[in-house]
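**Q** Structure below; questions to follow.
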Amino acid sequence: KSVGYVPGNDIEAEQLNRREGNRREFEAHGVYVPVFYPLLETEAEADCRTPYEIAARAVALLLVAAFSEAMLAAKMDQKEALEFIGKRIREFGAEDFFSPKEWKYLHDEEPKESEKISYSWQYENLYVMEWALGMFDSLSWPEKICDVGESVRKMREFDSFSEFEQAVKLRSKRELLDAADFIYRLDWACTDAGLNGFPAPGGILPDVVMERHRALFWAAGCMTADPGEGRKGQADRSAGWDR
């Protein structure tokens, strides 16, 4: 299945309203996007992630990012960093929350520096999951990295996964799809500017946009899982995340 729909092929009013609302926001920030572009799924068609899946993903992202930060900032070795996050893994029963690549990274005795840096960016994805779970009122304009301290503080308020899951409330399909559509267009604007040798428009940071694109498409169900993974069972809570 393709990412979205080409205008003229069974367009729903919901999709047109989403496009128009986001386009007005872009204009307010001086960002150009085409009037016509592919449209994402409707609410009826979207296979958004469940509250459980998104909460589990948030825990995994927090721990992977903290693991990376422990090695980069605190200069811990891999074993020390894994011990550092080990208590939270046990408290949240998070062993099955990680994607295959994340699990491999956590247990690689000699992770590459580039991997450490890449996974430290997962705080940006955590921020999106927290927003999706109602822990932030809105997503900020992506002109700077997220407030890492605030994202971590919000997660520290919980002592178990069940407590965390019961305290949060997933946003509506419409909100998830609106945000996914918004970042999809913004990522296009970043890419178009880069290809033409211009700075990113609206003061946005392309790396932040890229991470949000990944997280929002996953949460809204716009990113298809790997063949054979499906969406059933405990092992599939991170399905499609590594794509």
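Residue numbers start at 1 in each chain; chains themselves are named A, B, ... in the order of the structure tokens; ligands are numbered from 1 in the order shown.
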Compile the contact shell of Pro142 of chain A as a PyMOL selection string: residues with an atom at most 10 Å away, counting only C-alpha atoms, same-chain residues fewer than 5 positions apart removed.
**A** chain A and resi 183+186+202-209+212
**Q** So that I can check the secondary structure, give me every residue of segment 1-235 of chain A assigned helix (DSSP H, G or I) by backbone DSSP, as a ChimeraX atom specification.
**A** /A:13-28,51-72,78-92,94-96,100-106,113-120,122-132,148-156,161-167,173-195,201-203,206-220,234-235
**Q** So that I can see what lies close to Glu109 of chain A, please list as a list in words the residues with an atom at most 9 Å from it, counting only C-alpha atoms and leaving out residues fewer than 3 positions away in the same chain.
**A**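 The residues that qualify are Asp77, Gln78, Lys79, Tyr105 and Leu106 of chain A.
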**Q** Please provide as a PyMOL selection string all residues within 12 Å of Glu27 of chain A, with the sequence filter that same-chain residues fewer than 6 positions apart are discarded (counting only C-alpha atoms).
**A** chain A and resi 20-21+33-35+186+201-202
**Q** Go ahead and save the residues from that selection, with N, CA, C and O atoms, as a CSV table (one decimal), in the first residue's frame.
**A**
```
chain,number,residue,atom,x,y,z
A,20,GLU,N,-5.8,21.5,4.0
A,20,GLU,CA,-6.0,22.9,4.0
A,20,GLU,C,-5.6,23.5,5.4
A,20,GLU,O,-4.9,24.6,5.4
A,21,GLY,N,-5.9,22.8,6.5
A,21,GLY,CA,-5.5,23.3,7.8
A,21,GLY,C,-4.0,23.4,7.9
A,21,GLY,O,-3.5,24.4,8.5
A,33,VAL,N,4.7,24.7,0.5
A,33,VAL,CA,4.5,23.3,0.1
A,33,VAL,C,3.5,23.4,-1.0
A,33,VAL,O,2.7,24.3,-1.1
A,34,PRO,N,3.5,22.4,-1.9
A,34,PRO,CA,2.6,22.4,-3.1
A,34,PRO,C,1.1,22.4,-2.6
A,34,PRO,O,0.8,21.8,-1.6
A,35,VAL,N,0.2,23.0,-3.4
A,35,VAL,CA,-1.2,22.9,-3.1
A,35,VAL,C,-1.7,21.5,-3.2
A,35,VAL,O,-2.5,21.1,-2.3
A,186,LEU,N,6.2,19.0,5.9
A,186,LEU,CA,7.4,19.7,6.4
A,186,LEU,C,8.7,19.0,6.0
A,186,LEU,O,9.7,19.7,5.6
A,201,PRO,N,13.5,25.9,5.4
A,201,PRO,CA,12.6,27.0,5.6
A,201,PRO,C,12.1,27.1,7.1
A,201,PRO,O,12.1,26.1,7.8
A,202,GLY,N,11.7,28.3,7.4
A,202,GLY,CA,11.0,28.5,8.7
A,202,GLY,C,11.8,28.2,9.9
A,202,GLY,O,11.3,28.0,11.0
```
**Q** Which residues are close to segment 52-61 of chain A, i.e. within 9 Å by only C-alpha atoms, leaving aside same-chain residues fewer than 3 positions away? Reply as a VMD selection string.
**A** chain A and resid 49 64 to 66 89 92 94 to 99 102 119 122 to 123 125 to 130 132 to 133 155 161 164 to 165 168 170 219 236 to 238
**Q** Suppose you want the space between atom CA of Asp192 of chain A and atom CA of Leu176 of chain A; what is it in Å?
**A**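 Atom CA of Leu176 of chain A lies 24.4 Å from atom CA of Asp192 of chain A.
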**Q** Between A:Gly240, A:Asn196, A:Lys154, A:Phe26, which has the minimum distance to Phe136 of chain A (counting only C-alpha atoms)?
**A** A:Lys154
**Q** Have a look at A:Glu175, A:Glu113, A:Glu143, A:Asp137 and name the one nearest to Ala46 of chain A; count only C-alpha atoms.
**A** A:Glu175
**Q** Return the single residue from A:Arg90, A:Lys116, A:Arg171, A:His107 that is closest to Met135 of chain A, with distances computed using only C-alpha atoms.
**A**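 The shortest atom-to-atom distance to Met135 of chain A comes from A:Arg171.
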**Q** Suppose you want the space between atom CA of Arg214 of chain A and atom CA of Glu69 of chain A; what is it in Å?
**A** 20.9 Å
**Q** With distances taken over only C-alpha atoms, which residue among A:Ala167, A:Leu177, A:Leu62, A:Ala193 lies nearest Trp218 of chain A?
**A**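 Checking each candidate against Trp218 of chain A, we get A:Leu177 as the closest.
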**Q** Would you pick out the contacts of Asn17 of chain A at 12 Å or less, using only C-alpha atoms, so that residues sharing its chain but fewer than 6 positions from it are not included, and give the list as number ranges by chain?
**A** A: 11, 23-24, 39-40, 42, 174, 177-178, 181
**Q** Would you kindly return, as a list in words, each protein, DNA or RNA residue with an atom no farther than 10 Å from any atom of Glu80 of chain A, considering only C-alpha atoms and excluding same-chain residues fewer than 6 positions away?
**A**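 Non-adjacent residues within range: Phe67, Ala70, Met71 and Gly86 of chain A.
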